[in-house]
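Colleague: So here's my_file.cif, just mmCIF, C-alpha atoms:
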```
data_structure
loop_
_atom_site.group_PDB
_atom_site.id
_atom_site.type_symbol
_atom_site.label_atom_id
_atom_site.label_comp_id
_atom_site.auth_asym_id
_atom_site.auth_seq_id
_atom_site.Cartn_x
_atom_site.Cartn_y
_atom_site.Cartn_z
ATOM 1 C CA MET D 1 5.418 -31.960 -44.636
ATOM 2 C CA THR D 2 6.508 -28.845 -46.496
ATOM 3 C CA LEU D 3 3.875 -26.680 -48.143
ATOM 4 C CA ILE D 4 4.493 -23.637 -50.324
ATOM 5 C CA LYS D 5 2.370 -20.500 -49.808
ATOM 6 C CA ILE D 6 2.874 -17.511 -52.060
ATOM 7 C CA CYS D 7 1.251 -14.380 -50.699
ATOM 8 C CA GLY D 8 0.644 -10.831 -51.849
ATOM 9 C CA LEU D 9 -0.348 -11.634 -55.414
ATOM 10 C CA THR D 10 -2.175 -8.725 -57.028
ATOM 11 C CA THR D 11 -2.771 -9.849 -60.599
ATOM 12 C CA VAL D 12 -4.795 -12.685 -62.057
ATOM 13 C CA SER D 13 -1.956 -13.718 -64.375
ATOM 14 C CA ASP D 14 0.552 -13.970 -61.491
ATOM 15 C CA ALA D 15 -1.899 -16.018 -59.412
ATOM 16 C CA VAL D 16 -2.584 -18.413 -62.278
ATOM 17 C CA ASP D 17 1.153 -18.777 -62.965
ATOM 18 C CA VAL D 18 1.852 -19.485 -59.283
ATOM 19 C CA ALA D 19 -0.975 -22.041 -59.160
ATOM 20 C CA ARG D 20 0.278 -23.754 -62.303
ATOM 21 C CA ALA D 21 3.794 -23.837 -60.819
ATOM 22 C CA GLY D 22 2.406 -25.914 -57.954
ATOM 23 C CA ALA D 23 2.030 -23.588 -54.961
ATOM 24 C CA ASP D 24 -0.069 -25.241 -52.283
ATOM 25 C CA LEU D 25 -1.560 -21.977 -51.024
ATOM 26 C CA ILE D 26 -2.081 -18.567 -52.641
ATOM 27 C CA GLY D 27 -2.602 -15.567 -50.382
ATOM 28 C CA VAL D 28 -4.587 -12.558 -51.537
ATOM 29 C CA ASN D 29 -4.241 -9.491 -49.326
ATOM 30 C CA VAL D 30 -7.236 -7.138 -49.069
ATOM 31 C CA TRP D 31 -5.902 -4.844 -46.327
ATOM 32 C CA PRO D 32 -5.605 -1.383 -47.898
ATOM 33 C CA GLY D 33 -2.582 -0.454 -45.756
ATOM 34 C CA SER D 34 -0.341 -2.970 -47.511
ATOM 35 C CA PRO D 35 1.739 -2.288 -50.631
ATOM 36 C CA ARG D 36 0.671 -5.773 -51.773
ATOM 37 C CA ALA D 37 -3.046 -5.212 -51.251
ATOM 38 C CA GLY D 38 -5.638 -5.731 -53.893
ATOM 39 C CA THR D 39 -9.245 -4.728 -53.992
ATOM 40 C CA ILE D 40 -12.051 -7.100 -53.151
ATOM 41 C CA GLU D 41 -12.919 -7.031 -56.865
ATOM 42 C CA ARG D 42 -9.394 -8.171 -57.750
ATOM 43 C CA ALA D 43 -9.559 -10.882 -55.080
ATOM 44 C CA ARG D 44 -12.806 -12.095 -56.652
ATOM 45 C CA GLU D 45 -11.110 -12.266 -60.096
ATOM 46 C CA ILE D 46 -8.079 -14.110 -58.707
ATOM 47 C CA PHE D 47 -10.216 -16.626 -56.804
ATOM 48 C CA ARG D 48 -12.363 -17.281 -59.878
ATOM 49 C CA ALA D 49 -9.338 -17.765 -62.174
ATOM 50 C CA VAL D 50 -7.472 -20.101 -59.813
ATOM 51 C CA ARG D 51 -10.585 -22.171 -59.146
ATOM 52 C CA ALA D 52 -11.110 -22.526 -62.897
ATOM 53 C CA LEU D 53 -7.868 -24.531 -62.987
ATOM 54 C CA GLY D 54 -9.719 -27.438 -61.360
ATOM 55 C CA ALA D 55 -9.654 -29.602 -58.289
ATOM 56 C CA GLU D 56 -5.864 -29.725 -58.092
ATOM 57 C CA ALA D 57 -5.567 -25.933 -57.974
ATOM 58 C CA SER D 58 -3.895 -24.103 -55.108
ATOM 59 C CA ARG D 59 -5.914 -23.458 -51.963
ATOM 60 C CA LEU D 60 -6.931 -19.808 -51.620
ATOM 61 C CA VAL D 61 -6.174 -17.707 -48.552
ATOM 62 C CA LEU D 62 -7.839 -14.358 -47.863
ATOM 63 C CA LEU D 63 -5.515 -12.116 -45.828
ATOM 64 C CA ASP D 64 -6.592 -9.128 -43.723
ATOM 65 C CA VAL D 65 -5.122 -7.088 -40.856
ATOM 66 C CA SER D 66 -7.064 -6.665 -37.603
ATOM 67 C CA PRO D 67 -10.298 -6.994 -39.577
ATOM 68 C CA ASP D 68 -13.718 -5.871 -38.505
ATOM 69 C CA PRO D 69 -15.624 -9.152 -37.984
ATOM 70 C CA ALA D 70 -18.730 -7.970 -39.878
ATOM 71 C CA ARG D 71 -16.660 -6.888 -42.896
ATOM 72 C CA LEU D 72 -14.635 -10.094 -42.798
ATOM 73 C CA ARG D 73 -17.807 -12.187 -42.638
ATOM 74 C CA GLU D 74 -19.114 -10.460 -45.801
ATOM 75 C CA ARG D 75 -15.841 -11.166 -47.604
ATOM 76 C CA VAL D 76 -15.716 -14.788 -46.486
ATOM 77 C CA LEU D 77 -19.313 -15.412 -47.543
ATOM 78 C CA GLU D 78 -18.689 -13.793 -50.936
ATOM 79 C CA LEU D 79 -15.284 -15.288 -51.778
ATOM 80 C CA VAL D 80 -15.462 -18.578 -49.838
ATOM 81 C CA PRO D 81 -11.706 -18.831 -49.273
ATOM 82 C CA ASP D 82 -10.141 -22.099 -48.183
ATOM 83 C CA MET D 83 -8.553 -20.232 -45.291
ATOM 84 C CA VAL D 84 -8.429 -16.762 -43.739
ATOM 85 C CA GLN D 85 -5.097 -15.329 -42.599
ATOM 86 C CA ILE D 86 -5.301 -12.733 -39.816
ATOM 87 C CA VAL D 87 -2.440 -10.376 -39.060
ATOM 88 C CA GLY D 88 -2.699 -8.188 -35.966
ATOM 89 C CA GLU D 89 -5.471 -8.113 -33.409
ATOM 90 C CA TRP D 90 -8.118 -10.819 -33.453
ATOM 91 C CA ALA D 91 -10.341 -12.059 -30.631
ATOM 92 C CA GLY D 92 -11.469 -15.288 -32.306
ATOM 93 C CA GLN D 93 -9.719 -18.611 -32.545
ATOM 94 C CA GLY D 94 -9.236 -21.296 -35.187
ATOM 95 C CA GLU D 95 -12.330 -20.833 -37.334
ATOM 96 C CA PHE D 96 -14.439 -17.955 -38.632
ATOM 97 C CA ALA D 97 -17.695 -18.300 -40.584
ATOM 98 C CA GLY D 98 -16.873 -21.967 -41.173
ATOM 99 C CA VAL D 99 -13.409 -21.263 -42.592
ATOM 100 C CA PRO D 100 -10.100 -22.128 -40.873
ATOM 101 C CA VAL D 101 -8.161 -19.122 -39.581
ATOM 102 C CA LEU D 102 -4.392 -18.924 -39.839
ATOM 103 C CA ARG D 103 -2.970 -16.410 -37.383
ATOM 104 C CA ALA D 104 0.211 -14.544 -38.323
ATOM 105 C CA PHE D 105 2.670 -13.431 -35.650
ATOM 106 C CA ALA D 106 5.659 -11.100 -36.022
ATOM 107 C CA VAL D 107 8.858 -12.499 -34.527
ATOM 108 C CA GLY D 108 12.004 -10.492 -33.956
ATOM 109 C CA SER D 109 13.178 -12.062 -30.695
ATOM 110 C CA ARG D 110 12.547 -15.149 -28.567
ATOM 111 C CA ALA D 111 10.311 -12.982 -26.343
ATOM 112 C CA ASP D 112 7.896 -12.554 -29.296
ATOM 113 C CA LEU D 113 7.232 -16.294 -29.232
ATOM 114 C CA ALA D 114 5.320 -15.877 -25.949
ATOM 115 C CA ALA D 115 2.494 -14.216 -27.945
ATOM 116 C CA LEU D 116 1.786 -17.577 -29.596
ATOM 117 C CA ALA D 117 0.127 -18.715 -26.350
ATOM 118 C CA VAL D 118 -2.988 -16.644 -27.159
ATOM 119 C CA TRP D 119 -3.690 -18.830 -30.196
ATOM 120 C CA SER D 120 -4.772 -22.418 -29.656
ATOM 121 C CA ALA D 121 -5.172 -23.534 -33.281
ATOM 122 C CA ASP D 122 -2.307 -24.904 -35.354
ATOM 123 C CA PRO D 123 -0.450 -23.988 -37.392
ATOM 124 C CA VAL D 124 0.569 -20.378 -36.857
ATOM 125 C CA LEU D 125 2.348 -18.264 -39.452
ATOM 126 C CA LEU D 126 5.599 -16.655 -38.330
ATOM 127 C CA ASP D 127 6.919 -13.598 -40.131
ATOM 128 C CA ALA D 128 9.791 -11.215 -39.431
ATOM 129 C CA ARG D 129 9.041 -8.303 -37.112
ATOM 130 C CA VAL D 130 9.665 -4.984 -38.873
ATOM 131 C CA ALA D 131 8.898 -1.795 -36.959
ATOM 132 C CA GLY D 132 5.847 0.044 -38.254
ATOM 133 C CA MET D 133 4.745 -2.730 -40.607
ATOM 134 C CA ALA D 134 1.995 -5.323 -40.208
ATOM 135 C CA GLY D 135 3.748 -8.004 -42.262
ATOM 136 C CA GLY D 136 4.433 -8.853 -45.855
ATOM 137 C CA THR D 137 7.724 -7.002 -45.688
ATOM 138 C CA GLY D 138 9.822 -9.456 -47.646
ATOM 139 C CA VAL D 139 12.272 -9.539 -44.723
ATOM 140 C CA ARG D 140 13.585 -12.942 -43.743
ATOM 141 C CA ILE D 141 12.966 -14.075 -40.183
ATOM 142 C CA ASP D 142 15.949 -15.179 -38.117
ATOM 143 C CA GLU D 143 15.232 -18.915 -38.263
ATOM 144 C CA GLU D 144 17.560 -19.547 -35.318
ATOM 145 C CA LEU D 145 14.819 -18.031 -33.112
ATOM 146 C CA LEU D 146 12.533 -20.899 -34.112
ATOM 147 C CA VAL D 147 14.849 -23.813 -33.410
ATOM 148 C CA GLY D 148 13.084 -26.089 -30.940
ATOM 149 C CA LEU D 149 9.672 -24.451 -31.286
ATOM 150 C CA ALA D 150 7.287 -27.259 -30.363
ATOM 151 C CA ARG D 151 4.194 -26.393 -32.394
ATOM 152 C CA PRO D 152 3.363 -26.504 -36.086
ATOM 153 C CA TYR D 153 4.075 -23.276 -37.935
ATOM 154 C CA ILE D 154 4.455 -21.778 -41.361
ATOM 155 C CA LEU D 155 7.707 -19.949 -42.027
ATOM 156 C CA ALA D 156 7.151 -16.697 -43.933
ATOM 157 C CA GLY D 157 9.037 -13.634 -45.006
ATOM 158 C CA GLY D 158 11.826 -13.042 -47.476
ATOM 159 C CA LEU D 159 12.023 -16.598 -48.732
ATOM 160 C CA THR D 160 13.565 -16.930 -52.171
ATOM 161 C CA PRO D 161 14.746 -19.827 -54.327
ATOM 162 C CA ALA D 162 18.259 -19.030 -53.070
ATOM 163 C CA ASN D 163 17.487 -19.305 -49.337
ATOM 164 C CA VAL D 164 14.362 -21.413 -48.810
ATOM 165 C CA SER D 165 16.269 -24.712 -48.556
ATOM 166 C CA ASP D 166 18.515 -23.269 -45.846
ATOM 167 C CA GLY D 167 15.457 -21.986 -43.953
ATOM 168 C CA ILE D 168 13.784 -25.386 -44.076
ATOM 169 C CA ALA D 169 16.956 -27.130 -42.954
ATOM 170 C CA THR D 170 17.389 -24.738 -40.011
ATOM 171 C CA VAL D 171 13.884 -25.085 -38.672
#
```
Please rewrite the model in this file as structure tokens.
Modeller:
Amino acid sequence: MTLIKICGLTTVSDAVDVARAGADLIGVNVWPGSPRAGTIERAREIFRAVRALGAEASRLVLLDVSPDPARLRERVLELVPDMVQIVGEWAGQGEFAGVPVLRAFAVGSRADLAALAVWSADPVLLDARVAGMAGGTGVRIDEELLVGLARPYILAGGLTPANVSDGIATV
């Protein structure tokens, strides 16, 4: 099964357009260190607008980097996302405050795949490793590194209409 997740949306109009175009998942980043981050107020507006589209609307993902559990709990209880995406350090596993957790891992070599062993829940999200950045770089992962990977994952990073079919075919 192929699902489409569009992440890093910062405006209500973009999120509504993406939902109407049929994205399965919409990621809203609230980590202030990201160029694609929005405020919690903006996340609230985006969640409200997408949910107003009805039952067939995209599922909403709240993204944070190495979050403080108390702060994340407040955000989850307020926004009630369909899923939380964690980039960076995280001691928990597949659920937080009753919401599924999607763990993101940076991959730049086959050795990076060993880090997946710390996470028991499926799927994982795999993004390109870029020095000094936590993710959301828009850089395409080398899909050849993922050939034969025996667990469910979400391919992320630098996917465009011009290359997404090739990425799917490779992995």
Colleague: Taking (2.2, -15.1, -28.7) in the file's coordinates, which residues come within 12 Å, counting only C-alpha atoms, written as a count of residues only?
Modeller: 22
Colleague: Once 5 Å is added on each side, what are the centre and the three edge lengths, in Å to one decimal, of the axis-aligned box enclosing the listed atoms of segment 37-48 of chain D? Present them as JSON.
Modeller:
```
{"center_x": -8.0, "center_y": -11.0, "center_z": -55.7, "size_x": 19.9, "size_y": 22.6, "size_z": 18.8}
```
Colleague: To one decimal in Å, tell me the separation between atom CA of Arg36 of chain D and atom CA of Leu53 of chain D.
Modeller: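 We find that atom CA of Arg36 of chain D and atom CA of Leu53 of chain D lie 23.5 Å from each other.
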Colleague: Please indicate the distance in Å from atom CA of Arg51 of chain D to atom CA of Phe96 of chain D, rounded to one decimal place.
Modeller: 21.3 Å
Colleague: So the first atom is atom CA of Val130 of chain D and the second is atom CA of Ser165 of chain D; what is the distance between them in Å, to one decimal place?
Modeller: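 Atom CA of Ser165 of chain D lies at a distance of 22.9 Å from atom CA of Val130 of chain D.
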Colleague: For this file, the PyMOL selection byres ((chain D and resi 156) around 12) selects which residues, as an NGL selection string?
Modeller: :D and (3-8 or 27 or 104-107 or 124-129 or 135-143 or 146 or 153-155 or 157-160 or 163-164 or 167-168 or 171)
Colleague: Which residues, written as an MDAnalysis selection string, have at least one atom at most 12 Å from Pro100 of chain D, with all atoms listed in the file counted and residues fewer than 4 positions away on the same chain left out?
Modeller: chainID D and resid 59:62 76 80:86 92:96 121:124
Colleague: So which residues touch Ser58 of chain D within 8 Å, counting all atoms listed in the file, skipping near sequence neighbours fewer than 6 positions away, as a list of chain:residue names?
Modeller: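 Returned residues: D:Ala19, D:Gly22, D:Ala23, D:Asp24, D:Leu25, D:Ile26, D:Val50.
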Colleague: As a count of residues only, please: the residues near Pro69 of chain D (cut-off 10 Å, only C-alpha atoms, same-chain neighbours under 3 positions excluded).
Modeller: 10
Colleague: Skipping near chain neighbours, those fewer than 4 positions away, what residues fall within 7 Å of Ala37 of chain D using only C-alpha atoms, listed as a PDB file with C-alpha atoms, keeping the file's coordinate frame?
Modeller:
```pdb
ATOM      1  CA  GLY D   8       0.644 -10.831 -51.849  1.00  0.00           C
ATOM      2  CA  THR D  10      -2.175  -8.725 -57.028  1.00  0.00           C
ATOM      3  CA  ASN D  29      -4.241  -9.491 -49.326  1.00  0.00           C
ATOM      4  CA  VAL D  30      -7.236  -7.138 -49.069  1.00  0.00           C
ATOM      5  CA  TRP D  31      -5.902  -4.844 -46.327  1.00  0.00           C
ATOM      6  CA  PRO D  32      -5.605  -1.383 -47.898  1.00  0.00           C
TER       7      PRO D  32
END
```
Colleague: Counting only C-alpha atoms, which of D:Leu9, D:Ala21, D:Val87, D:Leu145 gets nearest to Thr170 of chain D?
Modeller: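 The closest residue to Thr170 of chain D is D:Leu145.
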Colleague: May I ask which of the residues D:Ala57, D:Val101, D:Gly33, D:Ala70 is the closest one to Gly132 of chain D, counting all atoms listed in the file?
Modeller: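 Selected residue with least distance to Gly132 of chain D: D:Gly33.
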